[in-house]
$ cat start_26.cif   # mmCIF, C-alpha atoms (C1' of nucleotides)
data_work
#
loop_
_atom_site.label_atom_id
_atom_site.label_comp_id
_atom_site.auth_asym_id
_atom_site.auth_seq_id
_atom_site.Cartn_x
_atom_site.Cartn_y
_atom_site.Cartn_z
CA MET A 1 -22.64 31.87 57.04
CA ALA A 2 -19.47 32.37 55.02
CA VAL A 3 -21.43 32.81 51.81
CA SER A 4 -25.04 33.92 51.62
CA LYS A 5 -27.80 31.53 50.67
CA LYS A 6 -28.50 33.61 47.60
CA ALA A 7 -24.87 33.30 46.48
CA VAL A 8 -24.99 29.51 46.62
CA ARG A 9 -28.32 29.50 44.81
CA ASP A 10 -26.86 31.69 42.10
CA ALA A 11 -23.82 29.45 41.80
CA ILE A 12 -26.03 26.41 41.34
CA VAL A 13 -28.00 28.24 38.66
CA ASP A 14 -24.79 29.14 36.87
CA THR A 15 -23.45 25.59 36.79
CA ALA A 16 -26.88 24.15 35.98
CA ARG A 17 -26.96 26.45 32.97
CA TYR A 18 -24.04 24.61 31.38
CA ILE A 19 -25.44 21.18 32.18
CA PHE A 20 -28.81 22.07 30.67
CA ALA A 21 -27.15 23.58 27.62
CA ARG A 22 -25.11 20.44 27.01
CA PHE A 23 -27.71 17.77 27.74
CA GLY A 24 -31.10 19.46 27.30
CA TYR A 25 -33.82 19.44 29.92
CA ARG A 26 -34.76 15.77 30.05
CA LYS A 27 -31.27 14.29 30.03
CA THR A 28 -29.99 16.64 32.70
CA THR A 29 -30.04 14.87 36.07
CA MET A 30 -30.22 16.40 39.51
CA ASP A 31 -27.17 14.39 40.42
CA ALA A 32 -25.18 15.86 37.54
CA ILE A 33 -26.13 19.37 38.61
CA ALA A 34 -25.23 18.61 42.22
CA ARG A 35 -21.88 17.06 41.31
CA ALA A 36 -21.02 19.98 39.04
CA ALA A 37 -21.89 22.33 41.87
CA ARG A 38 -19.79 20.23 44.27
CA LYS A 39 -22.79 19.51 46.43
CA GLY A 40 -24.70 16.47 47.55
CA LYS A 41 -27.82 15.87 45.54
CA SER A 42 -30.10 16.53 48.49
CA SER A 43 -28.30 19.77 49.23
CA VAL A 44 -29.56 21.10 45.95
CA TYR A 45 -33.07 20.46 47.23
CA TYR A 46 -32.35 22.80 50.09
CA TYR A 47 -32.13 25.59 47.53
CA PHE A 48 -34.66 24.49 44.96
CA LYS A 49 -38.04 22.82 45.21
CA ASN A 50 -37.45 20.61 42.17
CA LYS A 51 -35.79 20.27 38.80
CA GLU A 52 -38.26 22.53 37.04
CA GLU A 53 -37.56 25.32 39.51
CA ILE A 54 -33.84 25.16 38.71
CA PHE A 55 -34.51 25.25 35.02
CA LEU A 56 -36.91 28.13 35.46
CA ALA A 57 -34.23 30.00 37.38
CA VAL A 58 -31.77 29.38 34.56
CA VAL A 59 -34.21 30.58 31.93
CA ASN A 60 -35.20 33.58 34.03
CA LYS A 61 -31.60 34.63 34.41
CA GLU A 62 -30.99 34.10 30.71
CA VAL A 63 -33.99 36.24 29.81
CA GLY A 64 -32.74 38.88 32.23
CA SER A 65 -29.32 38.90 30.57
CA VAL A 66 -30.85 39.15 27.12
CA LYS A 67 -33.04 42.05 28.12
CA GLU A 68 -30.13 43.82 29.78
CA GLU A 69 -27.82 43.30 26.82
CA ILE A 70 -30.44 44.70 24.48
CA ARG A 71 -31.22 47.57 26.82
CA ASN A 72 -27.55 48.50 26.99
CA ALA A 73 -27.15 48.28 23.23
CA ILE A 74 -30.02 50.60 22.41
CA ALA A 75 -28.99 53.04 25.12
CA SER A 76 -26.02 54.03 22.99
CA THR A 77 -28.12 56.34 20.83
CA SER A 78 -31.22 58.46 21.04
CA ASP A 79 -31.84 58.64 17.32
CA PRO A 80 -34.97 56.54 16.73
CA LYS A 81 -33.90 55.09 13.40
CA GLU A 82 -30.48 54.20 14.70
CA LYS A 83 -32.07 52.81 17.86
CA LEU A 84 -34.39 50.52 15.93
CA THR A 85 -31.52 49.31 13.78
CA ILE A 86 -29.38 48.55 16.79
CA TYR A 87 -32.28 46.87 18.52
CA VAL A 88 -33.06 44.54 15.62
CA LEU A 89 -29.44 43.66 14.96
CA THR A 90 -28.61 43.07 18.61
CA ARG A 91 -31.73 40.97 19.10
CA MET A 92 -30.78 38.84 16.11
CA ARG A 93 -27.23 38.29 17.34
CA VAL A 94 -28.18 37.59 20.94
CA LEU A 95 -30.92 35.10 20.12
CA TYR A 96 -28.70 33.42 17.52
CA ARG A 97 -25.98 33.03 20.13
CA ILE A 98 -28.41 31.60 22.68
CA ALA A 99 -29.91 29.20 20.15
CA HIS A 100 -26.41 27.85 19.53
CA PHE A 101 -25.53 27.69 23.22
CA TYR A 102 -28.62 25.63 24.01
CA SER A 103 -28.17 23.60 20.84
CA SER A 104 -29.06 20.32 22.57
CA PHE A 105 -32.62 21.56 22.96
CA ARG A 106 -33.07 21.37 19.23
CA GLU A 107 -33.36 17.59 19.41
CA GLU A 108 -35.68 17.77 22.37
CA TYR A 109 -39.42 17.96 21.98
CA LEU A 110 -39.64 21.45 23.48
CA GLN A 111 -43.31 22.15 22.88
CA GLU A 112 -44.13 19.58 25.56
CA TYR A 113 -43.13 21.95 28.32
CA ASP A 114 -45.74 24.66 28.49
CA PHE A 115 -43.64 26.94 30.65
CA ILE A 116 -41.44 27.41 27.58
CA GLN A 117 -44.49 28.63 25.70
CA ARG A 118 -45.19 31.14 28.46
CA PHE A 119 -41.65 32.48 28.23
CA ARG A 120 -41.98 32.97 24.51
CA GLU A 121 -45.18 34.93 24.99
CA ASP A 122 -43.54 36.99 27.70
CA LEU A 123 -40.58 37.76 25.45
CA ASP A 124 -42.94 38.64 22.60
CA ARG A 125 -44.75 41.17 24.74
CA TYR A 126 -41.43 42.60 25.87
CA GLU A 127 -40.25 42.94 22.28
CA THR A 128 -43.46 44.55 21.14
CA LYS A 129 -43.24 47.08 23.95
CA ILE A 130 -39.65 48.05 23.19
CA ILE A 131 -40.32 48.45 19.50
CA LEU A 132 -43.50 50.38 20.21
CA ASP A 133 -41.59 52.78 22.44
CA ILE A 134 -38.98 53.35 19.76
CA LEU A 135 -41.65 53.90 17.12
CA ARG A 136 -43.57 56.37 19.29
CA ASP A 137 -40.43 58.27 20.11
CA GLY A 138 -39.62 58.36 16.40
CA ILE A 139 -43.04 59.73 15.61
CA LYS A 140 -42.69 62.41 18.24
CA LYS A 141 -39.29 63.35 16.86
CA LYS A 142 -40.74 63.49 13.33
CA VAL A 143 -38.45 60.73 12.09
CA PHE A 144 -41.11 58.08 11.58
CA SER A 145 -44.46 58.44 9.90
CA ILE A 146 -46.74 55.69 11.19
CA SER A 147 -50.52 55.87 11.44
CA ASP A 148 -50.94 52.92 13.82
CA PRO A 149 -47.75 52.27 15.84
CA ILE A 150 -49.20 49.35 17.81
CA THR A 151 -50.05 47.48 14.64
CA ALA A 152 -46.69 48.35 13.16
CA ALA A 153 -44.86 47.07 16.22
CA ASN A 154 -46.76 43.80 16.04
CA SER A 155 -45.91 43.42 12.36
CA ILE A 156 -42.23 43.98 13.03
CA VAL A 157 -42.26 41.33 15.75
CA VAL A 158 -43.85 38.85 13.36
CA ALA A 159 -41.40 39.67 10.59
CA LEU A 160 -38.42 39.24 12.92
CA LYS A 161 -39.73 35.83 13.91
CA GLY A 162 -38.97 34.73 10.36
CA PHE A 163 -35.27 34.63 11.19
CA GLU A 164 -35.82 32.00 13.83
CA TYR A 165 -36.02 29.33 11.15
CA TYR A 166 -32.44 30.02 10.06
CA TRP A 167 -30.88 29.89 13.53
CA GLY A 168 -30.86 26.13 13.36
CA THR A 169 -29.51 25.72 9.82
CA GLU A 170 -27.37 28.76 9.11
CA GLU A 171 -23.91 28.24 10.56
CA ASN A 172 -22.26 31.61 10.04
CA ILE A 173 -24.02 34.65 11.36
CA THR A 174 -22.68 37.06 8.74
CA LYS A 175 -25.35 36.19 6.19
CA LEU A 176 -28.04 36.64 8.80
CA GLU A 177 -26.69 40.04 9.75
CA LYS A 178 -26.70 41.13 6.13
CA GLN A 179 -30.22 39.78 5.71
CA THR A 180 -31.35 41.65 8.81
CA GLU A 181 -29.93 44.91 7.55
CA ASP A 182 -31.62 44.40 4.20
CA MET A 183 -34.98 43.84 5.83
CA LEU A 184 -34.56 46.98 7.90
CA GLU A 185 -33.73 49.02 4.82
CA MET A 186 -36.95 47.83 3.22
CA LEU A 187 -38.90 48.58 6.39
CA TYR A 188 -37.59 52.14 6.45
CA ARG A 189 -38.05 53.12 2.85
CA GLY A 190 -41.03 50.98 1.85
CA ILE A 191 -41.20 49.75 -1.71
CA LEU A 192 -43.85 52.03 -3.13
CA LYS A 193 -42.84 54.87 -5.40
CA LYS A 194 -43.88 58.27 -4.10
CA MET B 1 -57.43 -2.09 -19.07
CA ALA B 2 -60.70 -0.51 -17.93
CA VAL B 3 -58.87 2.25 -16.10
CA SER B 4 -55.38 3.47 -16.92
CA LYS B 5 -52.47 2.67 -14.67
CA LYS B 6 -52.03 6.36 -14.04
CA ALA B 7 -55.64 6.70 -12.89
CA VAL B 8 -55.22 3.96 -10.29
CA ARG B 9 -51.96 5.51 -9.15
CA ASP B 10 -53.65 8.87 -8.76
CA ALA B 11 -56.51 7.30 -6.83
CA ILE B 12 -54.07 5.69 -4.43
CA VAL B 13 -52.32 9.02 -3.93
CA ASP B 14 -55.64 10.71 -3.20
CA THR B 15 -56.69 8.19 -0.57
CA ALA B 16 -53.18 8.02 0.90
CA ARG B 17 -53.37 11.79 1.34
CA TYR B 18 -56.16 11.46 3.88
CA ILE B 19 -54.48 8.62 5.73
CA PHE B 20 -51.22 10.54 6.02
CA ALA B 21 -53.08 13.67 7.11
CA ARG B 22 -54.90 11.78 9.86
CA PHE B 23 -52.08 9.61 11.18
CA GLY B 24 -48.84 11.32 10.15
CA TYR B 25 -46.05 9.62 8.23
CA ARG B 26 -44.85 7.06 10.75
CA LYS B 27 -48.22 5.81 11.96
CA THR B 28 -49.59 5.42 8.46
CA THR B 29 -49.31 1.77 7.39
CA MET B 30 -49.17 0.38 3.90
CA ASP B 31 -52.05 -1.89 4.86
CA ALA B 32 -54.21 1.06 5.84
CA ILE B 33 -53.49 2.78 2.54
CA ALA B 34 -54.23 -0.41 0.62
CA ARG B 35 -57.50 -1.07 2.46
CA ALA B 36 -58.64 2.53 1.98
CA ALA B 37 -57.86 2.17 -1.73
CA ARG B 38 -59.71 -1.17 -1.80
CA LYS B 39 -56.61 -3.02 -2.88
CA GLY B 40 -54.49 -5.82 -1.53
CA LYS B 41 -51.42 -4.55 0.25
CA SER B 42 -49.07 -6.00 -2.37
CA SER B 43 -51.08 -4.43 -5.17
CA VAL B 44 -49.99 -1.04 -3.94
CA TYR B 45 -46.41 -2.13 -4.57
CA TYR B 46 -47.25 -2.61 -8.20
CA TYR B 47 -47.75 1.16 -8.40
CA PHE B 48 -45.22 2.42 -5.91
CA LYS B 49 -41.73 1.32 -5.02
CA ASN B 50 -42.23 1.89 -1.29
CA LYS B 51 -43.94 3.97 1.38
CA GLU B 52 -41.71 6.98 0.90
CA GLU B 53 -42.56 7.10 -2.80
CA ILE B 54 -46.26 7.28 -1.98
CA PHE B 55 -45.70 10.04 0.51
CA LEU B 56 -43.52 11.90 -1.96
CA ALA B 57 -46.27 11.62 -4.54
CA VAL B 58 -48.75 13.03 -2.04
CA VAL B 59 -46.48 15.94 -1.16
CA ASN B 60 -45.68 16.60 -4.79
CA LYS B 61 -49.33 16.79 -5.69
CA GLU B 62 -49.99 19.03 -2.72
CA VAL B 63 -47.19 21.37 -3.73
CA GLY B 64 -48.56 21.39 -7.26
CA SER B 65 -52.02 22.33 -6.01
CA VAL B 66 -50.61 25.09 -3.84
CA LYS B 67 -48.62 26.55 -6.69
CA GLU B 68 -51.62 26.39 -9.01
CA GLU B 69 -53.96 27.98 -6.49
CA ILE B 70 -51.52 30.82 -5.96
CA ARG B 71 -50.91 31.19 -9.68
CA ASN B 72 -54.65 31.43 -10.34
CA ALA B 73 -55.12 33.95 -7.56
CA ILE B 74 -52.47 36.35 -8.75
CA ALA B 75 -53.60 36.03 -12.35
CA SER B 76 -56.72 38.03 -11.47
CA THR B 77 -54.87 41.33 -11.71
CA SER B 78 -51.93 42.89 -13.49
CA ASP B 79 -51.44 45.74 -11.05
CA PRO B 80 -48.18 44.95 -9.23
CA LYS B 81 -49.22 46.24 -5.84
CA GLU B 82 -52.53 44.41 -5.98
CA LYS B 83 -50.75 41.33 -7.24
CA LEU B 84 -48.30 41.29 -4.34
CA THR B 85 -51.14 41.77 -1.87
CA ILE B 86 -53.12 38.91 -3.35
CA TYR B 87 -50.05 36.73 -3.45
CA VAL B 88 -49.17 37.26 0.19
CA LEU B 89 -52.75 36.85 1.42
CA THR B 90 -53.40 33.76 -0.66
CA ARG B 91 -50.14 32.21 0.39
CA MET B 92 -51.01 32.81 4.02
CA ARG B 93 -54.46 31.26 3.70
CA VAL B 94 -53.35 28.27 1.66
CA LEU B 95 -50.45 27.34 3.93
CA TYR B 96 -52.60 27.87 7.02
CA ARG B 97 -55.21 25.52 5.58
CA ILE B 98 -52.61 22.89 4.74
CA ALA B 99 -50.99 23.14 8.18
CA HIS B 100 -54.38 22.37 9.69
CA PHE B 101 -55.16 19.56 7.28
CA TYR B 102 -51.91 17.79 8.10
CA SER B 103 -52.27 18.63 11.78
CA SER B 104 -51.08 15.20 12.90
CA PHE B 105 -47.63 16.04 11.61
CA ARG B 106 -47.25 18.61 14.34
CA GLU B 107 -46.66 15.90 16.91
CA GLU B 108 -44.28 14.04 14.62
CA TYR B 109 -40.59 14.75 14.59
CA LEU B 110 -40.60 16.11 11.05
CA GLN B 111 -37.01 17.27 10.81
CA GLU B 112 -35.91 13.64 10.76
CA TYR B 113 -37.04 13.25 7.19
CA ASP B 114 -34.65 15.20 5.04
CA PHE B 115 -36.86 15.09 1.96
CA ILE B 116 -39.18 17.42 3.86
CA GLN B 117 -36.29 19.87 4.19
CA ARG B 118 -35.72 19.70 0.45
CA PHE B 119 -39.36 20.52 -0.23
CA ARG B 120 -39.16 23.54 2.02
CA GLU B 121 -36.11 24.80 0.17
CA ASP B 122 -37.82 24.18 -3.15
CA LEU B 123 -40.88 26.10 -2.03
CA ASP B 124 -38.68 28.93 -0.75
CA ARG B 125 -37.00 29.29 -4.12
CA TYR B 126 -40.40 29.21 -5.82
CA GLU B 127 -41.69 31.94 -3.53
CA THR B 128 -38.64 34.11 -4.01
CA LYS B 129 -38.97 33.84 -7.77
CA ILE B 130 -42.66 34.76 -7.82
CA ILE B 131 -42.13 37.74 -5.56
CA LEU B 132 -39.10 38.83 -7.55
CA ASP B 133 -41.12 38.74 -10.77
CA ILE B 134 -43.85 40.86 -9.21
CA LEU B 135 -41.31 43.34 -7.86
CA ARG B 136 -39.52 43.66 -11.21
CA ASP B 137 -42.78 44.14 -13.03
CA GLY B 138 -43.71 46.79 -10.48
CA ILE B 139 -40.43 48.58 -11.04
CA LYS B 140 -40.92 48.54 -14.78
CA LYS B 141 -44.43 49.91 -14.36
CA LYS B 142 -43.10 52.63 -12.05
CA VAL B 143 -45.19 51.42 -9.12
CA PHE B 144 -42.35 50.17 -6.98
CA SER B 145 -39.09 51.87 -6.18
CA ILE B 146 -36.56 49.23 -5.18
CA SER B 147 -32.80 49.45 -5.61
CA ASP B 148 -32.07 45.75 -5.16
CA PRO B 149 -35.12 43.62 -6.00
CA ILE B 150 -33.41 40.27 -5.32
CA THR B 151 -32.49 41.32 -1.81
CA ALA B 152 -35.96 42.73 -1.28
CA ALA B 153 -37.59 39.49 -2.45
CA ASN B 154 -35.46 37.51 -0.02
CA SER B 155 -36.39 39.81 2.82
CA ILE B 156 -40.07 39.44 2.09
CA VAL B 157 -39.75 35.66 2.09
CA VAL B 158 -38.04 35.77 5.48
CA ALA B 159 -40.65 38.14 6.90
CA LEU B 160 -43.51 35.94 5.69
CA LYS B 161 -41.92 32.97 7.42
CA GLY B 162 -42.70 34.71 10.69
CA PHE B 163 -46.35 33.74 10.31
CA GLU B 164 -45.51 30.07 10.35
CA TYR B 165 -45.19 30.17 14.11
CA TYR B 166 -48.84 31.13 14.50
CA TRP B 167 -50.29 28.44 12.23
CA GLY B 168 -50.04 25.94 15.05
CA THR B 169 -51.43 28.09 17.85
CA GLU B 170 -53.83 30.57 16.25
CA GLU B 171 -57.18 28.89 15.73
CA ASN B 172 -59.11 31.47 13.76
CA ILE B 173 -57.57 32.76 10.58
CA THR B 174 -59.18 36.21 10.71
CA LYS B 175 -56.54 37.65 13.02
CA LEU B 176 -53.81 36.31 10.79
CA GLU B 177 -55.39 37.88 7.72
CA LYS B 178 -55.57 41.22 9.48
CA GLN B 179 -51.97 40.85 10.61
CA THR B 180 -50.89 40.01 7.07
CA GLU B 181 -52.60 43.08 5.64
CA ASP B 182 -50.98 45.24 8.30
CA MET B 183 -47.54 43.95 7.45
CA LEU B 184 -48.13 44.61 3.77
CA GLU B 185 -49.21 48.17 4.47
CA MET B 186 -45.96 48.74 6.33
CA LEU B 187 -43.98 47.16 3.52
CA TYR B 188 -45.56 49.47 0.96
CA ARG B 189 -45.25 52.76 2.79
CA GLY B 190 -42.19 52.21 4.90
CA ILE B 191 -42.03 53.91 8.26
CA LEU B 192 -39.60 56.74 7.54
CA LYS B 193 -40.90 60.24 7.12
CA LYS B 194 -40.05 61.78 3.77
"C1'" DA C 1 -49.50 -8.77 -21.05
"C1'" DT C 2 -51.28 -6.38 -17.29
"C1'" DT C 3 -53.01 -6.31 -12.80
"C1'" DT C 4 -54.10 -8.43 -8.34
"C1'" DT C 5 -53.21 -11.02 -4.43
"C1'" DG C 6 -51.97 -14.45 -0.68
"C1'" DA C 7 -48.13 -16.33 1.35
"C1'" DA C 8 -43.78 -15.57 3.27
"C1'" DC C 9 -40.10 -13.12 5.69
"C1'" DA C 10 -36.83 -9.85 7.59
"C1'" DA C 11 -36.93 -5.70 9.97
"C1'" DA C 12 -39.09 -2.67 12.88
"C1'" DA C 13 -42.39 -1.59 16.48
"C1'" DA C 14 -44.79 -2.79 20.52
"C1'" DA C 15 -45.52 -5.23 24.69
"C1'" DC C 16 -43.65 -7.11 28.58
"C1'" DT C 17 -40.32 -7.91 32.16
"C1'" DA C 18 -36.31 -7.16 34.93
"C1'" DT C 19 -32.93 -3.80 36.24
"C1'" DT C 20 -31.04 0.62 36.94
"C1'" DT C 21 -31.41 5.42 37.33
"C1'" DT C 22 -33.48 9.42 38.92
"C1'" DG C 23 -36.43 12.90 41.29
"C1'" DG C 24 -37.63 13.86 45.54
"C1'" DT C 25 -38.06 13.15 51.10
"C1'" DC C 26 -36.39 12.87 55.81
"C1'" DG C 27 -33.90 12.74 59.76
"C1'" DA C 28 -29.49 13.08 61.50
"C1'" DA C 29 -25.00 15.16 61.46
"C1'" DA C 30 -21.94 19.14 60.75
"C1'" DT D 1 -28.49 27.12 58.98
"C1'" DT D 2 -26.54 24.09 55.83
"C1'" DT D 3 -25.04 19.50 54.21
"C1'" DC D 4 -25.62 14.91 53.20
"C1'" DG D 5 -26.36 9.73 53.42
"C1'" DA D 6 -29.94 6.63 53.35
"C1'" DC D 7 -34.14 5.62 51.49
"C1'" DC D 8 -38.24 5.14 48.35
"C1'" DA D 9 -41.49 5.42 44.64
"C1'" DA D 10 -41.62 6.56 40.00
"C1'" DA D 11 -39.55 6.81 35.82
"C1'" DA D 12 -36.10 5.53 32.50
"C1'" DT D 13 -33.40 1.98 30.51
"C1'" DA D 14 -31.98 -2.56 28.95
"C1'" DG D 15 -33.15 -6.96 27.51
"C1'" DT D 16 -36.40 -10.24 25.67
"C1'" DT D 17 -40.48 -11.95 23.46
"C1'" DT D 18 -44.40 -11.09 20.55
"C1'" DT D 19 -46.78 -8.59 17.10
"C1'" DT D 20 -47.01 -5.54 13.40
"C1'" DT D 21 -45.38 -3.72 9.19
"C1'" DG D 22 -42.70 -2.92 4.89
"C1'" DT D 23 -41.34 -5.36 1.09
"C1'" DT D 24 -40.71 -9.44 -2.17
"C1'" DC D 25 -42.29 -13.00 -5.17
"C1'" DA D 26 -44.50 -16.45 -7.54
"C1'" DA D 27 -48.85 -17.69 -8.84
"C1'" DA D 28 -53.58 -16.59 -10.03
"C1'" DA D 29 -56.97 -13.57 -12.18
"C1'" DT D 30 -58.16 -10.40 -15.69
#
$ encode --input "start_26.cif" --output "structure tokens"
Amino acid sequence: MAVSKKAVRDAIVDTARYIFARFGYRKTTMDAIARAARKGKSSVYYYFKNKEEIFLAVVNKEVGSVKEEIRNAIASTSDPKEKLTIYVLTRMRVLYRIAHFYSSFREEYLQEYDFIQRFREDLDRYETKIILDILRDGIKKKVFSISDPITAANSIVVALKGFEYYWGTEENITKLEKQTEDMLEMLYRGILKK
Amino acid sequence: MAVSKKAVRDAIVDTARYIFARFGYRKTTMDAIARAARKGKSSVYYYFKNKEEIFLAVVNKEVGSVKEEIRNAIASTSDPKEKLTIYVLTRMRVLYRIAHFYSSFREEYLQEYDFIQRFREDLDRYETKIILDILRDGIKKKVFSISDPITAANSIVVALKGFEYYWGTEENITKLEKQTEDMLEMLYRGILKK
DNA sequence: ATTTTGAACAAAAAACTATTTTGGTCGAAA
DNA sequence: TTTCGACCAAAATAGTTTTTTGTTCAAAAT
């Protein structure tokens, strides 16, 4: 056992990631994955039950990376306002980058696969929880004034979803970053006169 | 000329609306439209150049109705805050209703048709303008305090887009209404402590 | 003059068939 | 324990025929 089973599995996941990104789910073949991983096709089946399991592994790892990247970004400060800003901006950039990396999926009928739906819901819950934590911390530290943090967190998640539409069309991220900062400013100050 | 040419045209548009809603764009046939309008297939061509022109007429009328419904709704008050609330809630309800009426389009690959894209952009500009007008009026009336109303209007449009995602999945509108009101509350007050 | 329609036709979609590719299995070899 | 060639059924693709559909047009009806 020169290399561990897990190491080979991980290597396959890493190469599969590029194949999936370039060809989408449907047009990616097991043979292509195997060849890219310098393995026989049936060897791949020694590590994975089927195609869906490979894809799930890819997505799982991707989600893990996203969460870690965001976690690292918001760890840089303890100021709630700053933390929320960094969270929202990082989230926007990371998801924009991923949407462009997996660009081939745009022309695929994604809603067919219901495990995608489940991942979205999972990510939504994760987002809501992070935001909620930041909001609660901000309330405790007397930075935020929010009567119902859970509701507020949900609203922020919904509002951030609005950017999704532009990931496909908008080619340069600068505008989106500006737009994100603008929305945050509004969120902080509100628009009502005191 | 018992009935005007325009009247017949309008009647065809009205019946075509239901056919398109039930079958989507691609699966709607000229023959089906003609039969539903109690006309020979070639008679329809006396009123419309082709299939796309009929569909465009349907969409145009729909957009007109939406705009009118919203215009009527926000005419009920002159208070800026109330007006913005009514606008956002009405918009949510109207678009939710339309998304459900044209439900067959969900399984159609809509992005193929670029005239749909143009309608979205048109509606976006319309929305931005309405919101901007309300914001400016609110500033003048010392109800709102906004440094850059154009930017704020854009941000609100983006945030409202977030609801779009739920039109397909969410079956009862009550949750969405509640969610909309929550988001508005946050928009008004902001979350920062003064 | 305006409106309607049946007949006709090219283009597109659908149905069908033959062929190839692909996901997945298994037993043997390394 | 890991790799892989051989194999198979199912699915995708390519190729062909048949049917449907969008559009035109000249003639008939109003």
$ residues_near_point --input "start_26.cif" --point "(-26.6, 27.0, 32.5)" --cutoff "12 Å" --atoms "only C-alpha atoms (C1' of nucleotides)" --output "VMD selection string"
chain A and resid 10 to 25 28 33 36 to 37 54 to 62 98 101 to 102
$ residues_around --input "start_26.cif" --residues "Ile70 of chain A" --least-positions-apart "4" --cutoff "10 Å" --atoms "only C-alpha atoms (C1' of nucleotides)" --output "VMD selection string"
chain A and resid 64 to 66 74 to 75 86 to 91 94 130
$ resolve_selection --input "start_26.cif" --expression "the PyMOL selection byres ((chain C) within 9 of (chain A))" --output "JSON, numbers by chain"
{"C": [22, 23, 24]}
$ residues_around --input "start_26.cif" --residues "segment 146-162 of chain B" --least-positions-apart "2" --cutoff "9 Å" --atoms "only C-alpha atoms (C1' of nucleotides)" --output "count of residues only"
38
$ atom_distance --input "start_26.cif" --atom1 "atom C1' of DT18 of chain D" --atom2 "atom CA of Lys27 of chain B"
19.3 Å
$ residues_around --input "start_26.cif" --residues "segment 2-13 of chain C" --least-positions-apart "4" --cutoff "10 Å" --atoms "all atoms listed in the file" --output "list of chain:residue names"
B:Met1, B:Lys5, B:Lys39, B:Gly40, B:Lys41, B:Ser42, B:Ser43, B:Val44, B:Tyr46, D:DT19, D:DT20, D:DT21, D:DG22, D:DT23, D:DT24, D:DC25, D:DA26, D:DA27, D:DA28, D:DA29, D:DT30
$ interface_residues --input "start_26.cif" --of "chain D" --to "chain A" --cutoff "10 Å" --atoms "all atoms listed in the file" --output "PyMOL selection string"
chain D and resi 1-5
$ atom_distance --input "start_26.cif" --atom1 "atom CA of Gly138 of chain B" --atom2 "atom CA of Asn72 of chain B"
18.9 Å
$ atom_distance --input "start_26.cif" --atom1 "atom CA of Ile134 of chain B" --atom2 "atom CA of Thr169 of chain A"
28.2 Å
$ residues_around --input "start_26.cif" --residues "DT13 of chain D" --least-positions-apart "5" --cutoff "12 Å" --atoms "only C-alpha atoms (C1' of nucleotides)" --output "PyMOL selection string"
chain C and resi 18-22
$ write_last_selection --input "start_26.cif" --atoms "C-alpha atoms (C1' of nucleotides)" --output "short mmCIF file (atom, residue, chain, number, x, y, z; two decimals), in the coordinates of the input"
data_model
loop_
_atom_site.label_atom_id
_atom_site.label_comp_id
_atom_site.auth_asym_id
_atom_site.auth_seq_id
_atom_site.Cartn_x
_atom_site.Cartn_y
_atom_site.Cartn_z
"C1'" DA C 18 -36.31 -7.16 34.93
"C1'" DT C 19 -32.93 -3.80 36.24
"C1'" DT C 20 -31.04 0.62 36.94
"C1'" DT C 21 -31.41 5.42 37.33
"C1'" DT C 22 -33.48 9.42 38.92
#
$ axis_aligned_box --input "start_26.cif" --around "segment 158-177 of chain B" --padding-each-side "4 Å" --output "JSON"
{"center_x": -48.6, "center_y": 32.0, "center_z": 11.7, "size_x": 29.1, "size_y": 20.2, "size_z": 20.4}
$ closest_residue --input "start_26.cif" --among "A:Ser104, A:Ser145, A:Thr85, A:Gln117" --to "chain B" --atoms "all atoms listed in the file"
A:Ser145
$ closest_residue --input "start_26.cif" --among "B:Lys194, B:Arg106, B:Arg189, B:Lys6" --to "chain A" --atoms "all atoms listed in the file"
B:Arg189
$ closest_residue --input "start_26.cif" --among "B:Glu171, B:Glu108, B:Glu69, B:Asp137" --to "chain A" --atoms "all atoms listed in the file"
B:Glu108
$ closest_residue --input "start_26.cif" --among "A:Lys81, A:Arg125, A:Lys67, A:Arg97" --to "chain B" --atoms "all atoms listed in the file"
A:Lys81
$ resolve_selection --input "start_26.cif" --expression "the PyMOL selection byres ((chain C and resi 27) around 12)" --output "list in words"
DT25, DC26, DA28 and DA29 of chain C; DC4, DG5, DA6 and DC7 of chain D
$ residues_around --input "start_26.cif" --residues "DT17 of chain D" --least-positions-apart "6" --cutoff "12 Å" --atoms "only C-alpha atoms (C1' of nucleotides)" --output "number ranges by chain"
C: 14-17
